$ cat start.txt   # compact mmCIF, C-alpha atoms
# COMPACT_ATOMS: atom_id res chain seq x y z
CA MET S 1 50.41 253.77 -46.73
CA ASN S 2 54.09 254.16 -47.37
CA SER S 3 54.97 254.81 -43.74
CA ARG S 4 52.87 251.80 -42.76
CA ILE S 5 55.01 249.55 -44.94
CA VAL S 6 58.17 250.98 -43.37
CA ILE S 7 56.87 250.42 -39.83
CA VAL S 8 55.68 246.90 -40.61
CA ASN S 9 59.10 246.03 -42.05
CA ILE S 10 60.96 247.49 -39.07
CA ILE S 11 58.81 245.47 -36.67
CA ARG S 12 59.30 242.37 -38.81
CA TRP S 13 63.09 242.93 -38.81
CA ILE S 14 63.26 243.27 -35.04
CA LEU S 15 60.98 240.29 -34.46
CA LEU S 16 62.73 237.94 -36.89
CA LEU S 17 66.23 238.80 -35.69
CA PHE S 18 65.12 238.45 -32.09
CA VAL S 19 63.71 234.98 -32.78
CA GLN S 20 66.77 234.03 -34.83
CA ILE S 21 69.34 235.15 -32.30
CA PHE S 22 67.69 234.15 -29.08
CA LEU S 23 65.75 231.06 -30.08
CA LEU S 24 66.87 229.46 -33.33
CA LYS S 25 70.58 229.98 -32.67
CA ASN S 26 70.31 227.42 -29.91
CA MET S 27 68.37 224.95 -32.03
CA GLY S 28 69.79 222.30 -34.29
CA PHE S 29 69.72 218.60 -34.93
CA TYR S 30 73.16 217.14 -34.24
CA ASP S 31 74.89 220.14 -35.82
CA LEU S 32 73.39 219.01 -39.12
CA SER S 33 70.32 221.17 -39.50
CA THR S 34 70.07 224.75 -38.29
CA PRO S 35 67.27 227.00 -39.46
CA PHE S 36 67.97 230.58 -40.62
CA VAL S 37 64.51 232.07 -40.67
CA TYR S 38 65.69 235.70 -40.63
CA VAL S 39 65.96 235.58 -44.44
CA LEU S 40 62.17 235.87 -44.44
CA PHE S 41 62.65 239.58 -43.81
CA LEU S 42 64.60 239.96 -47.05
CA LEU S 43 62.10 237.79 -48.92
CA LEU S 44 59.16 239.93 -47.84
CA LEU S 45 60.59 243.37 -48.62
CA PRO S 46 58.20 245.23 -50.94
CA PHE S 47 58.47 244.96 -54.72
CA GLY S 48 59.15 248.61 -55.28
CA ILE S 49 62.34 248.78 -53.26
CA PRO S 50 65.38 250.14 -55.15
CA ASN S 51 68.17 247.65 -55.73
CA ILE S 52 70.75 249.67 -53.84
CA LEU S 53 68.51 249.90 -50.77
CA LEU S 54 67.82 246.17 -50.96
CA TYR S 55 71.56 245.42 -50.99
CA VAL S 56 72.28 247.80 -48.14
CA LEU S 57 69.50 246.28 -46.03
CA ALA S 58 70.68 242.76 -46.83
CA PHE S 59 74.22 243.66 -45.93
CA ALA S 60 73.18 245.36 -42.68
CA THR S 61 70.99 242.41 -41.68
CA GLY S 62 73.81 240.01 -42.42
CA LEU S 63 76.30 242.03 -40.42
CA THR S 64 73.91 242.18 -37.46
CA LEU S 65 73.63 238.40 -37.55
CA ASP S 66 77.41 238.07 -37.88
CA ALA S 67 77.90 240.19 -34.79
CA PHE S 68 75.87 237.66 -32.79
CA TYR S 69 77.24 234.54 -34.51
CA ASP S 70 80.88 235.73 -34.35
CA THR S 71 81.34 235.03 -38.05
CA MET S 72 82.23 238.45 -39.43
CA GLY S 73 81.11 238.74 -43.04
CA VAL S 74 79.78 235.22 -43.63
CA HIS S 75 76.08 236.00 -43.17
CA ALA S 76 76.52 239.36 -44.90
CA THR S 77 77.88 237.69 -48.03
CA ALA S 78 75.16 235.07 -47.98
CA CYS S 79 72.49 237.80 -47.69
CA ILE S 80 74.00 239.67 -50.64
CA VAL S 81 73.73 236.50 -52.74
CA LEU S 82 70.14 236.10 -51.61
CA ALA S 83 69.36 239.66 -52.66
CA PHE S 84 70.83 239.04 -56.09
CA VAL S 85 68.82 235.84 -56.54
CA ARG S 86 65.69 237.66 -55.40
CA ILE S 87 66.14 240.47 -57.91
CA SER S 88 66.91 238.07 -60.74
CA PHE S 89 64.01 235.75 -59.99
CA ILE S 90 61.47 238.56 -59.71
CA SER S 91 62.63 240.21 -62.90
CA ILE S 92 62.46 236.90 -64.77
CA SER S 93 59.17 235.54 -63.41
CA LEU S 94 57.09 238.69 -63.17
CA ASN S 95 56.34 241.48 -65.56
CA ARG S 96 57.74 244.52 -63.86
CA ASP S 97 55.00 246.90 -65.09
CA ALA S 98 52.15 244.64 -64.14
CA ILE S 99 53.08 244.27 -60.51
CA ASP S 100 50.41 245.79 -58.36
CA ASP S 101 50.91 243.71 -55.21
CA PRO S 102 52.81 245.45 -52.42
CA GLU S 103 55.08 242.57 -51.34
CA PRO S 104 56.00 239.04 -52.44
CA SER S 105 54.26 237.15 -49.67
CA LEU S 106 52.24 233.94 -49.76
CA SER S 107 48.99 235.84 -49.29
CA TYR S 108 49.49 237.90 -52.44
CA MET S 109 51.44 235.63 -54.76
CA GLY S 110 49.95 232.20 -54.07
CA PHE S 111 51.58 229.02 -52.85
CA GLN S 112 53.23 227.87 -56.07
CA TRP S 113 55.10 231.09 -56.90
CA PHE S 114 56.04 231.83 -53.33
CA SER S 115 57.36 228.38 -52.55
CA LEU S 116 59.59 228.39 -55.67
CA TYR S 117 60.78 231.89 -54.85
CA ALA S 118 61.57 230.99 -51.24
CA LEU S 119 63.23 227.73 -52.28
CA LEU S 120 65.64 229.39 -54.72
CA CYS S 121 66.54 232.23 -52.38
CA VAL S 122 67.04 229.98 -49.35
CA VAL S 123 69.13 227.43 -51.24
CA ALA S 124 71.42 230.15 -52.64
CA HIS S 125 71.77 231.74 -49.21
CA HIS S 126 72.53 228.48 -47.43
CA LEU S 127 74.99 227.26 -50.04
CA VAL S 128 77.07 230.42 -49.74
CA LEU S 129 76.72 230.44 -45.96
CA PHE S 130 77.86 226.87 -45.36
CA PHE S 131 80.65 226.89 -47.89
CA LEU S 132 82.02 230.15 -46.53
CA GLU S 133 81.81 228.74 -43.03
CA THR S 134 83.61 225.51 -43.96
CA PHE S 135 85.90 227.25 -46.46
CA ARG S 136 87.24 224.08 -48.02
CA LEU S 137 86.04 221.60 -50.59
CA THR S 138 87.38 218.44 -48.98
CA GLU S 139 84.33 217.98 -46.74
CA MET S 140 82.00 218.59 -49.65
CA GLY S 141 79.57 215.76 -48.90
CA TYR S 142 79.14 216.67 -45.27
CA THR S 143 78.73 220.38 -46.06
CA LEU S 144 76.15 219.67 -48.75
CA MET S 145 74.23 217.42 -46.38
CA ARG S 146 74.21 220.10 -43.69
CA CYS S 147 73.16 222.65 -46.28
CA GLY S 148 70.33 220.52 -47.66
CA LEU S 149 68.92 219.59 -44.26
CA SER S 150 69.10 223.20 -43.10
CA CYS S 151 67.32 224.36 -46.26
CA ILE S 152 64.47 221.93 -45.58
CA PHE S 153 64.21 223.11 -41.97
CA THR S 154 64.29 226.81 -42.91
CA LEU S 155 61.74 226.41 -45.71
CA LEU S 156 59.42 224.47 -43.44
CA ILE S 157 59.44 227.23 -40.84
CA ILE S 158 59.08 230.01 -43.45
CA LEU S 159 56.05 228.33 -45.01
CA LEU S 160 54.61 227.70 -41.57
CA VAL S 161 54.98 231.37 -40.62
CA GLU S 162 53.48 232.46 -43.90
CA PHE S 163 50.48 230.21 -43.45
CA ILE S 164 49.96 231.48 -39.90
CA PHE S 165 49.84 235.09 -41.14
CA TYR S 166 47.89 234.15 -44.24
CA ARG S 167 45.27 236.71 -45.29
CA ARG S 168 42.85 235.79 -48.05
CA THR S 169 42.94 238.55 -50.62
CA SER S 170 40.80 239.07 -53.64
CA ARG S 171 43.11 238.05 -56.41
CA MET Y 1 80.56 256.98 -72.09
CA ARG Y 2 76.83 257.56 -71.97
CA ASN Y 3 76.23 254.09 -73.34
CA LEU Y 4 78.45 252.61 -70.70
CA TRP Y 5 76.52 254.47 -68.04
CA ILE Y 6 73.22 253.20 -69.41
CA PHE Y 7 74.62 249.68 -69.50
CA ILE Y 8 75.73 249.89 -65.90
CA SER Y 9 72.47 251.34 -64.65
CA ARG Y 10 70.43 248.78 -66.54
CA TYR Y 11 72.31 245.92 -64.95
CA ASN Y 12 72.82 247.75 -61.69
CA ALA Y 13 71.65 244.70 -59.73
CA PHE Y 14 74.54 242.66 -61.01
CA PHE Y 15 77.21 245.32 -60.48
CA LEU Y 16 75.97 246.13 -57.01
CA PHE Y 17 75.99 242.42 -56.28
CA ILE Y 18 79.62 242.16 -57.35
CA ILE Y 19 80.63 245.11 -55.18
CA PHE Y 20 78.82 243.94 -52.07
CA PHE Y 21 79.90 240.35 -52.56
CA ILE Y 22 83.56 241.37 -52.71
CA ILE Y 23 83.12 243.44 -49.54
CA GLY Y 24 81.50 240.46 -47.82
CA ILE Y 25 84.24 238.01 -48.82
CA TYR Y 26 86.88 240.54 -47.79
CA LEU Y 27 85.29 240.92 -44.37
CA THR Y 28 85.03 237.16 -43.97
CA VAL Y 29 88.66 236.49 -44.81
CA LYS Y 30 89.96 239.45 -42.85
CA ASN Y 31 88.07 238.91 -39.63
CA ASN Y 32 87.96 235.14 -39.23
CA ALA Y 33 91.20 233.48 -38.19
CA TYR Y 34 90.37 230.13 -39.74
CA GLN Y 35 89.31 231.43 -43.16
CA ARG Y 36 92.35 233.72 -43.27
CA SER Y 37 94.72 230.89 -42.49
CA VAL Y 38 93.16 228.70 -45.18
CA THR Y 39 93.49 231.48 -47.76
CA LEU Y 40 97.10 232.22 -46.87
CA ASN Y 41 98.02 228.54 -46.76
CA SER Y 42 96.57 227.74 -50.14
CA SER Y 43 98.32 230.69 -51.74
CA ASN Y 44 101.57 229.66 -50.07
CA GLU Y 45 101.04 226.16 -51.39
CA ILE Y 46 100.72 227.43 -54.96
CA VAL Y 47 103.85 229.54 -54.64
CA GLY Y 48 105.70 226.67 -52.96
CA THR Y 49 104.80 224.21 -55.70
CA ALA Y 50 106.03 226.64 -58.34
CA TYR Y 51 109.35 227.05 -56.55
CA GLU Y 52 109.70 223.30 -56.17
CA ARG Y 53 109.27 222.75 -59.93
CA LEU Y 54 111.85 225.43 -60.59
CA ASN Y 55 114.22 223.82 -58.12
CA ILE Y 56 113.95 220.40 -59.77
CA PHE Y 57 114.79 221.99 -63.12
CA LYS Y 58 117.77 223.84 -61.64
CA ARG Y 59 119.05 220.68 -60.02
CA TYR Y 60 118.94 218.90 -63.34
CA MET Y 61 121.01 221.67 -64.92
CA ASN Y 62 123.71 221.34 -62.24
CA LEU Y 63 123.94 217.56 -62.52
CA GLY Y 64 127.21 217.49 -64.47
CA MET Y 65 129.03 219.67 -61.96
CA VAL Y 66 127.73 217.64 -59.02
CA ASN Y 67 128.87 214.42 -60.70
CA ASP Y 68 132.40 215.73 -61.11
CA SER Y 69 132.70 216.84 -57.51
CA LEU Y 70 131.32 213.49 -56.28
CA ALA Y 71 133.84 211.56 -58.37
CA ALA Y 72 136.70 213.68 -56.95
CA GLU Y 73 135.45 213.08 -53.41
CA ASN Y 74 135.17 209.34 -54.03
CA ALA Y 75 138.79 209.19 -55.21
CA LYS Y 76 139.92 211.06 -52.10
CA LEU Y 77 138.00 208.77 -49.77
CA LYS Y 78 139.34 205.65 -51.46
CA THR Y 79 142.94 206.76 -50.89
CA HIS Y 80 142.07 207.34 -47.23
CA LEU Y 81 140.54 203.88 -47.01
CA LEU Y 82 143.70 202.21 -48.34
CA ASN Y 83 145.71 203.90 -45.62
CA LEU Y 84 143.21 202.86 -42.99
CA THR Y 85 143.18 199.13 -43.75
CA THR Y 86 146.89 198.70 -43.04
CA VAL Y 87 147.18 200.83 -39.92
CA ASP Y 88 145.08 200.28 -36.80
CA THR Y 89 144.37 203.64 -35.29
CA THR Y 90 142.87 202.43 -32.03
CA LYS Y 91 144.84 203.81 -29.10
CA ASP Y 92 144.68 203.33 -25.38
CA VAL Y 93 141.82 205.17 -23.74
CA LYS Y 94 143.00 207.43 -20.95
CA VAL Y 95 140.90 207.69 -17.83
CA ILE Y 96 141.44 210.92 -15.96
CA ASP Y 97 142.17 210.23 -12.32
CA THR Y 98 142.52 213.37 -10.25
CA LEU Y 99 143.30 211.78 -6.88
CA THR Y 100 146.34 209.73 -7.74
CA ASP Y 101 148.39 209.50 -10.88
CA GLN Y 102 146.80 207.28 -13.43
CA GLN Y 103 146.97 203.62 -12.67
CA TYR Y 104 144.67 202.07 -15.26
CA THR Y 105 144.41 202.51 -19.03
CA TYR Y 106 141.74 200.94 -21.16
CA LEU Y 107 142.21 199.41 -24.60
CA ALA Y 108 139.19 198.78 -26.80
CA ALA Y 109 139.13 195.42 -28.56
CA LYS Y 110 136.72 193.65 -30.84
CA VAL Y 111 135.40 190.22 -29.93
CA ILE Y 112 136.07 187.94 -32.90
CA LYS Y 113 135.02 184.65 -31.35
CA ASN Y 114 132.70 184.03 -28.46
CA SER Y 115 130.98 181.07 -26.85
CA ILE Y 116 128.32 181.04 -24.19
CA THR Y 117 126.84 177.56 -24.32
CA LEU Y 118 129.71 175.48 -22.95
CA ARG Y 119 130.59 174.70 -19.38
CA ASN Y 120 133.86 176.59 -19.76
CA ASN Y 121 133.61 179.47 -22.18
CA VAL Y 122 136.50 181.26 -23.84
CA MET Y 123 136.46 184.20 -26.26
CA THR Y 124 139.02 185.68 -28.60
CA ILE Y 125 139.76 189.38 -29.17
CA ASN Y 126 141.70 191.12 -31.94
CA LYS Y 127 144.44 192.71 -29.79
CA GLY Y 128 147.61 190.94 -28.70
CA SER Y 129 151.06 191.39 -27.24
CA LEU Y 130 151.93 194.10 -29.78
CA ASP Y 131 149.18 196.22 -28.21
CA GLY Y 132 150.62 195.61 -24.75
CA ILE Y 133 148.25 192.90 -23.60
CA LYS Y 134 149.59 190.43 -21.05
CA SER Y 135 148.15 187.33 -19.48
CA GLY Y 136 146.02 187.97 -16.39
CA MET Y 137 144.70 191.41 -17.37
CA ALA Y 138 141.10 192.21 -16.56
CA VAL Y 139 138.49 192.61 -19.31
CA ILE Y 140 135.30 194.62 -18.81
CA ALA Y 141 132.21 195.29 -20.89
CA PRO Y 142 131.63 198.70 -22.56
CA GLN Y 143 128.78 200.08 -20.44
CA ARG Y 144 128.98 198.16 -17.19
CA GLY Y 145 129.78 194.65 -16.09
CA VAL Y 146 132.81 192.42 -16.07
CA VAL Y 147 133.80 190.01 -18.84
CA GLY Y 148 136.75 187.96 -17.64
CA LEU Y 149 140.54 187.68 -17.60
CA VAL Y 150 143.12 187.48 -20.37
CA ARG Y 151 144.46 183.94 -20.64
CA ASP Y 152 146.86 183.46 -23.55
CA VAL Y 153 148.34 186.13 -25.77
CA SER Y 154 149.76 185.96 -29.28
CA GLU Y 155 151.13 188.84 -31.35
CA HIS Y 156 147.80 190.09 -32.66
CA LEU Y 157 145.22 188.11 -30.73
CA ALA Y 158 144.39 187.15 -27.20
CA THR Y 159 142.04 184.66 -25.59
CA ILE Y 160 139.88 185.60 -22.67
CA GLN Y 161 138.76 183.21 -20.01
CA SER Y 162 135.28 184.57 -19.65
CA LEU Y 163 133.38 184.78 -16.39
CA LEU Y 164 131.41 181.81 -17.68
CA HIS Y 165 134.26 179.44 -16.81
CA LYS Y 166 134.71 177.14 -13.86
CA ASP Y 167 138.16 178.55 -12.96
CA THR Y 168 137.23 182.21 -13.03
CA ARG Y 169 136.88 183.81 -9.62
CA ILE Y 170 136.66 187.56 -9.33
CA SER Y 171 136.96 189.44 -6.07
CA VAL Y 172 133.79 191.48 -5.54
CA MET Y 173 132.01 193.27 -2.71
CA LEU Y 174 128.56 194.54 -1.81
CA LYS Y 175 128.48 198.21 -2.66
CA LYS Y 176 126.51 199.29 0.44
CA ASN Y 177 128.78 197.83 3.14
CA MET Y 178 131.98 196.76 1.33
CA ALA Y 179 131.54 193.13 2.42
CA LEU Y 180 133.90 191.02 0.36
CA GLY Y 181 132.97 187.92 -1.59
CA SER Y 182 133.96 186.15 -4.73
CA LEU Y 183 132.06 185.92 -7.98
CA VAL Y 184 131.69 182.50 -9.56
CA TRP Y 185 129.52 181.09 -12.30
CA GLY Y 186 128.10 177.70 -12.98
CA ASP Y 187 127.94 176.44 -9.43
CA SER Y 188 124.24 175.68 -9.37
CA ASN Y 189 122.92 176.65 -12.81
CA PHE Y 190 124.31 177.53 -16.21
CA ASP Y 191 122.25 180.60 -16.99
CA ILE Y 192 124.48 183.20 -18.68
CA LYS Y 193 122.56 186.01 -16.98
CA LYS Y 194 123.08 184.77 -13.42
CA ALA Y 195 126.11 184.19 -11.21
CA LEU Y 196 126.79 183.55 -7.54
CA ILE Y 197 128.52 185.68 -4.96
CA LYS Y 198 130.09 183.32 -2.44
CA GLU Y 199 132.12 183.43 0.74
CA VAL Y 200 130.41 186.48 2.17
CA PRO Y 201 130.81 186.59 5.98
CA ASN Y 202 127.78 185.28 7.85
CA HIS Y 203 126.95 188.42 9.81
CA ILE Y 204 126.35 190.47 6.64
CA LYS Y 205 122.73 191.23 5.71
CA MET Y 206 122.17 190.69 2.02
CA LEU Y 207 118.97 192.04 0.43
CA VAL Y 208 117.30 191.78 -2.98
CA GLY Y 209 118.48 194.64 -5.21
CA ASP Y 210 121.87 195.20 -3.57
CA SER Y 211 124.55 196.26 -6.06
CA VAL Y 212 127.65 194.15 -6.41
CA VAL Y 213 130.89 195.89 -7.52
CA THR Y 214 134.48 194.78 -7.98
CA SER Y 215 136.62 195.13 -4.87
CA GLY Y 216 139.88 196.29 -6.43
CA PHE Y 217 141.83 193.27 -5.10
CA GLY Y 218 143.15 191.60 -8.21
CA SER Y 219 143.34 192.87 -11.74
CA PHE Y 220 140.00 194.67 -11.80
CA PRO Y 221 139.84 198.32 -10.82
CA LYS Y 222 137.68 199.03 -7.80
CA GLY Y 223 134.01 199.84 -8.16
CA ILE Y 224 133.05 198.39 -11.54
CA LEU Y 225 129.37 197.40 -11.41
CA VAL Y 226 128.91 193.67 -11.76
CA GLY Y 227 125.27 192.95 -11.03
CA ARG Y 228 122.33 193.13 -8.67
CA ILE Y 229 121.31 190.56 -6.06
CA ILE Y 230 118.10 188.73 -6.98
CA LYS Y 231 118.17 185.91 -4.44
CA PRO Y 232 119.99 186.49 -1.14
CA ASN Y 233 121.00 183.64 1.17
CA VAL Y 234 121.28 180.72 -1.23
CA ALA Y 235 121.98 177.53 0.66
CA THR Y 236 125.45 176.13 -0.02
CA ASN Y 237 127.54 173.52 1.73
CA ASP Y 238 130.10 175.87 3.28
CA ASN Y 239 129.87 178.08 6.33
CA PHE Y 240 129.60 181.32 4.40
CA LEU Y 241 126.72 183.32 2.98
CA SER Y 242 125.97 183.07 -0.75
CA GLY Y 243 123.68 185.02 -3.00
CA GLU Y 244 122.47 184.82 -6.58
CA LEU Y 245 122.87 187.93 -8.74
CA ASN Y 246 121.79 189.15 -12.13
CA LEU Y 247 124.80 190.08 -14.28
CA PHE Y 248 124.86 193.43 -16.07
CA THR Y 249 127.02 191.98 -18.83
CA ASP Y 250 125.10 190.46 -21.71
CA PHE Y 251 127.52 187.84 -22.98
CA SER Y 252 125.29 186.87 -25.90
CA THR Y 253 125.52 190.26 -27.62
CA LEU Y 254 129.06 191.25 -26.69
CA GLN Y 255 130.81 192.99 -29.61
CA TYR Y 256 133.51 195.16 -28.02
CA VAL Y 257 135.31 194.86 -24.73
CA TYR Y 258 137.85 196.94 -22.83
CA VAL Y 259 141.10 195.40 -21.67
CA VAL Y 260 142.24 197.05 -18.43
CA LYS Y 261 145.99 197.64 -18.17
CA ASP Y 262 147.30 198.12 -14.67
CA LYS Y 263 150.49 200.19 -14.70
CA ARG Y 264 151.57 198.94 -11.28
CA ALA Y 265 150.83 195.26 -11.79
CA GLU Y 266 154.51 194.38 -12.34
CA GLU Y 267 155.63 196.44 -9.38
CA GLN Y 268 153.03 194.88 -7.10
CA LYS Y 269 153.94 191.38 -8.21
CA ALA Y 270 157.65 192.02 -7.68
CA LEU Y 271 157.06 193.46 -4.20
CA GLU Y 272 154.80 190.64 -3.10
CA SER Y 273 157.20 188.01 -4.39
CA LEU Y 274 159.72 189.15 -1.76
CA ILE Y 275 157.60 187.48 0.91
CA LYS Y 276 158.66 183.85 1.09
CA PRO Y 277 155.78 181.38 1.28
CA ASN Y 278 157.00 179.86 4.54
CA GLU Y 279 158.15 183.00 6.25
$ encode --input "start.txt" --output "structure tokens"
Amino acid sequence: MNSRIVIVNIIRWILLLFVQIFLLKNMGFYDLSTPFVYVLFLLLLPFGIPNILLYVLAFATGLTLDAFYDTMGVHATACIVLAFVRISFISISLNRDAIDDPEPSLSYMGFQWFSLYALLCVVAHHLVLFFLETFRLTEMGYTLMRCGLSCIFTLLIILLVEFIFYRRTSR
Amino acid sequence: MRNLWIFISRYNAFFLFIIFFIIGIYLTVKNNAYQRSVTLNSSNEIVGTAYERLNIFKRYMNLGMVNDSLAAENAKLKTHLLNLTTVDTTKDVKVIDTLTDQQYTYLAAKVIKNSITLRNNVMTINKGSLDGIKSGMAVIAPQRGVVGLVRDVSEHLATIQSLLHKDTRISVMLKKNMALGSLVWGDSNFDIKKALIKEVPNHIKMLVGDSVVTSGFGSFPKGILVGRIIKPNVATNDNFLSGELNLFTDFSTLQYVYVVKDKRAEEQKALESLIKPNE
């Protein structure tokens, strides 16, 4: 069971990064909206993962992305923020002892919880990402618009993917 | 110590976040040229602003000393000025002539009265017989172009019969083939920018754009640029060729002129006077 989770996550990592780097990197609406769907990997990591491992994985994923985007450290920082938001949100919204689901996916947690969870994580990630990329506050309006539109795009694709791989479970 | 450890491990998510976040920001700033430049610039700006404030304060402290030195300098300059108003320091301008010994010297003079709208125009300059000016000397414009001839001289002033006068005739030639002619103004029109070159021999080919220079016969030194032909072969009543030219001298804005002194003018006049008119 444990090794199955590991293998599934490795495959998911490879698949999502492949799609992100070779497909979504070339997509965008007038430089305003670019989806970053690879965060789905970090969102779907199992509940029981230790914090340190989560941070290391987030950092490694971010660095891999940076290597392909030529933005050393920007994605890594954004992923670290996402990991922090994820930990905080889970510890606030769920009772740690009562968790018996393996991972925080749409199939297990339901639409309402998952969409809120994804929304918060994605917004935090994108805010850090775009502001680090712009690195100034003078173009605040434009950066926020890019950030918001990209958030909508990313969330749309994440929910779409989740619904495609939706498995009805006995909750 | 144990409590601290418990505290850290309980909130390990937060502390790990801080550590990784700092690493991420560090990587971003270190490895991206743009972000690094922004960081350095803004820190420089803060330091610069601080120094500027300090500088303003320091300047204010030194104000008394600066005032004293300025007052001393003012007094010194005023004494200089008093000396300057009584003595005119303008001297003859030497032109270095390496082929022969120097024949011409130039004296700068200020135009104090000028007219350009009359049929016969005359101007006045602020140099006179005390500066060595004599009647008949040539006057040229600072950059290029001729102005006229000295007419009457008083001690400190002189009048110049400008080129824009019916009696002024200046010996000129076409620069390309040295064909002689004479420069006159006001024969067909009274435009201060145009003059006529007359009495050019008929076999000479005159073209638009040809340069006209002084010939050196007369008071003017040879080769001073006068103007450029704009209309060759103007029809006149005599048997010579005439052409219209654009003058280089702008008479309407003339402020300073050079009076040309010819060292050998007296000698030449004395020699030529030996020839009797009827000989």
$ interface_residues --input "start.txt" --of "chain Y" --to "chain S" --cutoff "9 Å" --atoms "all atoms listed in the file" --output "ChimeraX atom specification"
/Y:12-14,16-17,20-32,34-35,38-39
$ atom_distance --input "start.txt" --atom1 "atom CA of Val128 of chain S" --atom2 "atom CA of Gly28 of chain S"
18.9 Å
$ residues_near_point --input "start.txt" --point "(130.5, 179.2, -14.0)" --cutoff "8 Å" --atoms "only C-alpha atoms" --output "list of chain:residue names"
Y:Arg119, Y:Asn120, Y:Leu163, Y:Leu164, Y:His165, Y:Lys166, Y:Asp167, Y:Thr168, Y:Val184, Y:Trp185, Y:Gly186, Y:Asp187, Y:Phe190, Y:Ala195
$ residues_around --input "start.txt" --residues "Leu15 of chain S" --least-positions-apart "6" --cutoff "12 Å" --atoms "all atoms listed in the file" --output "ChimeraX atom specification"
/S:8-9,21-23,37-38,40-41
$ residues_around --input "start.txt" --residues "Leu225 of chain Y" --least-positions-apart "5" --cutoff "12 Å" --atoms "all atoms listed in the file" --output "VMD selection string"
chain Y and resid 140 to 147 172 to 175 210 to 216 220 245 to 249
$ atom_distance --input "start.txt" --atom1 "atom CA of Lys222 of chain Y" --atom2 "atom CA of Ile204 of chain Y"
20.3 Å
$ atom_distance --input "start.txt" --atom1 "atom CA of Asn121 of chain Y" --atom2 "atom CA of Gln161 of chain Y"
6.7 Å
$ decode --input "start.txt" --residues "segment 144-155 of chain Y" --atoms "C-alpha atoms" --output "PDB file, in the first residue's frame"
ATOM      1  CA  ARG Y 144      32.929  84.510 -43.728  1.00  0.00           C
ATOM      2  CA  GLY Y 145      31.723  87.202 -46.065  1.00  0.00           C
ATOM      3  CA  VAL Y 146      32.593  90.806 -46.758  1.00  0.00           C
ATOM      4  CA  VAL Y 147      30.990  93.817 -45.094  1.00  0.00           C
ATOM      5  CA  GLY Y 148      32.277  96.941 -46.802  1.00  0.00           C
ATOM      6  CA  LEU Y 149      34.890  99.704 -46.707  1.00  0.00           C
ATOM      7  CA  VAL Y 150      35.796 102.278 -44.073  1.00  0.00           C
ATOM      8  CA  ARG Y 151      34.543 105.695 -45.118  1.00  0.00           C
ATOM      9  CA  ASP Y 152      35.103 108.378 -42.481  1.00  0.00           C
ATOM     10  CA  VAL Y 153      37.114 108.087 -39.301  1.00  0.00           C
ATOM     11  CA  SER Y 154      36.949 110.034 -36.052  1.00  0.00           C
ATOM     12  CA  GLU Y 155      39.058 109.484 -32.939  1.00  0.00           C
TER      13      GLU Y 155
END
